[in-house]
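S.K.: Okay, handing you the structure first.
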Amino acid sequence: MFHGSMVALVTPMHADGSLDHDSLASLIEFHIENGTDAIVAVGTTGESATLDMKEHVDLLREVVERVRGRIPVIAGTGANCTREAIELTRCAMEAGSDACLLVTPYYNKPTQEGLYLHHKAIANAVPIPQILYNVPGRTACDMLPETVERLSAISNIVGIKEATGNLERGREILERCGDRLDLYSGDDATATELMLMGAKGDISVTANVAPRAMHDMCAAALRGDREQAHAINNRLMALHRDLFVESNPIPVKWALHEMGLIPPGIRLPLTVLSEHHHNTVRAALREAGVL
């Protein structure tokens, strides 16, 4: 249903933490002009954890309105409260989103049965296409392949963003779910290999700063051109690594500010990138040819 380079879009903010709507509009045009295949709005990289409900819903509506149907918009609507996730998902559908991305519940550490019932309840309540999102390094909750297989039987659960970086995990999901569920990488460093194995795309942090290269790499991998995909990806490896020298989205927001695309704002408890990392991230941007 969705494929290619899907940017996990940052939420631009002024230095005081207020939302910068003009920069958001510019970023959307930047991505469309540079071949980004879909925009994932208000996810982890979009600082969903520090937006209130009204800001979250208003931002989703604004992204949909500004994209104007030119590429798909996937709304981040996950929560660790099932009722809240249902409410956000319903709001995203009403705003015109093409699909929703739902992270596993964080902090409360549900069982596999709890994960199944959580996502089943959301899918049954809101008929929009839904993409599961497994990132145990941030949530302390790991959705196992057998749970993904159970959820793949629900018609509007259409994919999973698998962010463990474990290629064997990806292979098992592909084997278990077949054509019932699309697999997406949530780990830029291993995305090329996962797509060559059969994944349909990459929900990407790196695409924020190198959208054209990420689009070209994903396109090459999806058509099975291993040599071309690796050649492009090798130029991006420093970005894949160094955009995580501190917690995402700290480095990528600093990088976008360095590129002149957004102001320096970020919300507490996240802080601006530490000065001793500036040269590291700057060098990665230069190596990728985007600075």
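Naming scheme: A, B, ... for chains in displayed order of the structure tokens; residues 1 onward per chain; ligands 1 onward as shown.
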If we count only C-alpha atoms, what is near A:Leu59 at a cut-off of 12 Å, once residues fewer than 2 positions away on the same chain are taken out, given as a PyMOL selection string?

M.R.: chain A and resi 9-12+19-21+24-25+40-43+46-48+51-57+61-66+73+75-77+88+91-92+95+97

S.K.: Write down as an MDAnalysis selection string the residues of stretch 132-202 of chain A whose backbone DSSP state falls under helix (DSSP H, G or I).

M.R.: chainID A and resid 136:139 145:151 167:180 188:197

S.K.: What's around A:Ala207 at 9 Å? Count only C-alpha atoms, leave out sequence neighbours fewer than 5 positions away in its own chain, and write the answer as a PyMOL selection string.

M.R.: chain A and resi 5-9+31+36+212-215

S.K.: For stretch 225-234 of chain A, list every protein, DNA or RNA residue within 10 Å, evaluated using only C-alpha atoms, and leave out those in the same chain fewer than 2 positions away; present the list as a list in words.

M.R.: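 Near stretch 225-234 of chain A, the qualifying residues are Asp188, Ala189, Thr190, Ala191, Thr192, Glu193, Met195, Leu196, Ala213, Met214, Asp216, Met217, Cys218, Ala219, Ala220, Ala221, Leu222, Arg223, Leu236, Met237, Ala238, Leu239, His240, Glu287 and Ala288 of chain A.
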
S.K.: Contacts of A:Ile71 at 7 Å or less, counting only C-alpha atoms, minus same-chain residues fewer than 3 places along, as a list in words?

M.R.: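 Residues meeting the cut-off are Asp37, Ala38 and Val67 of chain A.
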
S.K.: Can I get the selection written as a tab-separated table (two decimals), in the first residue's frame, with C-alpha atoms?

M.R.:
chain	number	residue	atom	x	y	z
A	37	ASP	CA	7.38	8.86	-1.13
A	38	ALA	CA	5.30	9.52	2.00
A	67	VAL	CA	0.39	18.02	1.18

S.K.: Using only C-alpha atoms, which of the listed residues (A:Leu174, A:Ile250, A:Val290, A:Ala121) sits closest to A:Ser274?

M.R.: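 Ranked by minimum distance to A:Ser274, first place goes to A:Ile250.
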
S.K.: In Å, with one decimal, what is the gap from atom CA of A:Gly159 to atom CA of A:Pro136?

M.R.: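 For atom CA of A:Gly159 relative to atom CA of A:Pro136, the distance reads 17.2 Å.
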
S.K.: Within stretch 88-168 of chain A, find each residue whose DSSP state, derived from the backbone, is strand (DSSP E), and express the selection as a count of residues only.

M.R.: 16

S.K.: Hey, what's within 12 Å of A:Glu275 if we count only C-alpha atoms and toss same-chain stuff fewer than 5 positions away? As an MDAnalysis selection string, please?

M.R.: chainID A and resid 245:246 250:251 254 280:282

S.K.: Pick the closest to A:Glu146 from A:Asn80, A:Gln112, A:Thr206, A:Thr89: which is it, counting only C-alpha atoms?

M.R.: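 That would be A:Gln112, the residue with the smallest distance to A:Glu146.
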
S.K.: Please, what distance in Å, to one decimal, runs between atom CA of A:Glu84 and atom CA of A:Val103?

M.R.: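 A separation of 12.5 Å between them.
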
S.K.: A:Tyr133, A:Tyr107, A:Phe2, A:Tyr116: which is nearest A:Thr44, counting only C-alpha atoms?

M.R.: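 Closest to A:Thr44 of all the choices is A:Tyr133.
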
S.K.: Show me, as CSV, the residues of stretch 56-146 of chain A having an atom within 12 Å of stretch 178-183 of chain A, each with the closest atom pair and its distance in Å, using only C-alpha atoms.

M.R.:
residue,atom,partner,partner_atom,distance
A:Pro129,CA,A:Leu181,CA,11.2
A:Gln130,CA,A:Leu181,CA,10.4
A:Ile131,CA,A:Asp182,CA,8.7
A:Leu132,CA,A:Leu183,CA,9.5
A:Tyr133,CA,A:Leu183,CA,10.2
A:Asn134,CA,A:Leu183,CA,11.2
A:Pro145,CA,A:Leu183,CA,11.6

S.K.: Rank A:Gly17, A:Ala284, A:Thr164, A:Thr45 by their smallest atom-to-atom distance to A:Ser204, using only C-alpha atoms, and report the top residue only.

M.R.: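 That would be A:Thr45, the residue with the smallest distance to A:Ser204.
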
S.K.: Of the candidates A:Val252, A:Ala153, A:Leu27, A:Ala163, which shows the shortest atom-to-atom distance to A:Gly186, using only C-alpha atoms?

M.R.: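 Result for the nearest residue to A:Gly186: A:Ala163.
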
S.K.: I'd like the interatomic distance between atom CA of A:Asn156 and atom CA of A:Met1, to a tenth of an Å.

M.R.: 11.1 Å

S.K.: Pull the closest atom pair for each residue of stretch 23-87 of chain A that gets at most 12 Å from stretch 108-111 of chain A, along with the distance in Å to one decimal, counting only C-alpha atoms, ordering rows by chain and then ascending residue number, as a Markdown table.

M.R.:
| residue | atom | partner | partner_atom | distance |
| --- | --- | --- | --- | --- |
| A:Ala79 | CA | A:Asn108 | CA | 10.7 |
| A:Asn80 | CA | A:Asn108 | CA | 7.1 |
| A:Cys81 | CA | A:Asn108 | CA | 9.2 |
| A:Thr82 | CA | A:Pro110 | CA | 11.4 |
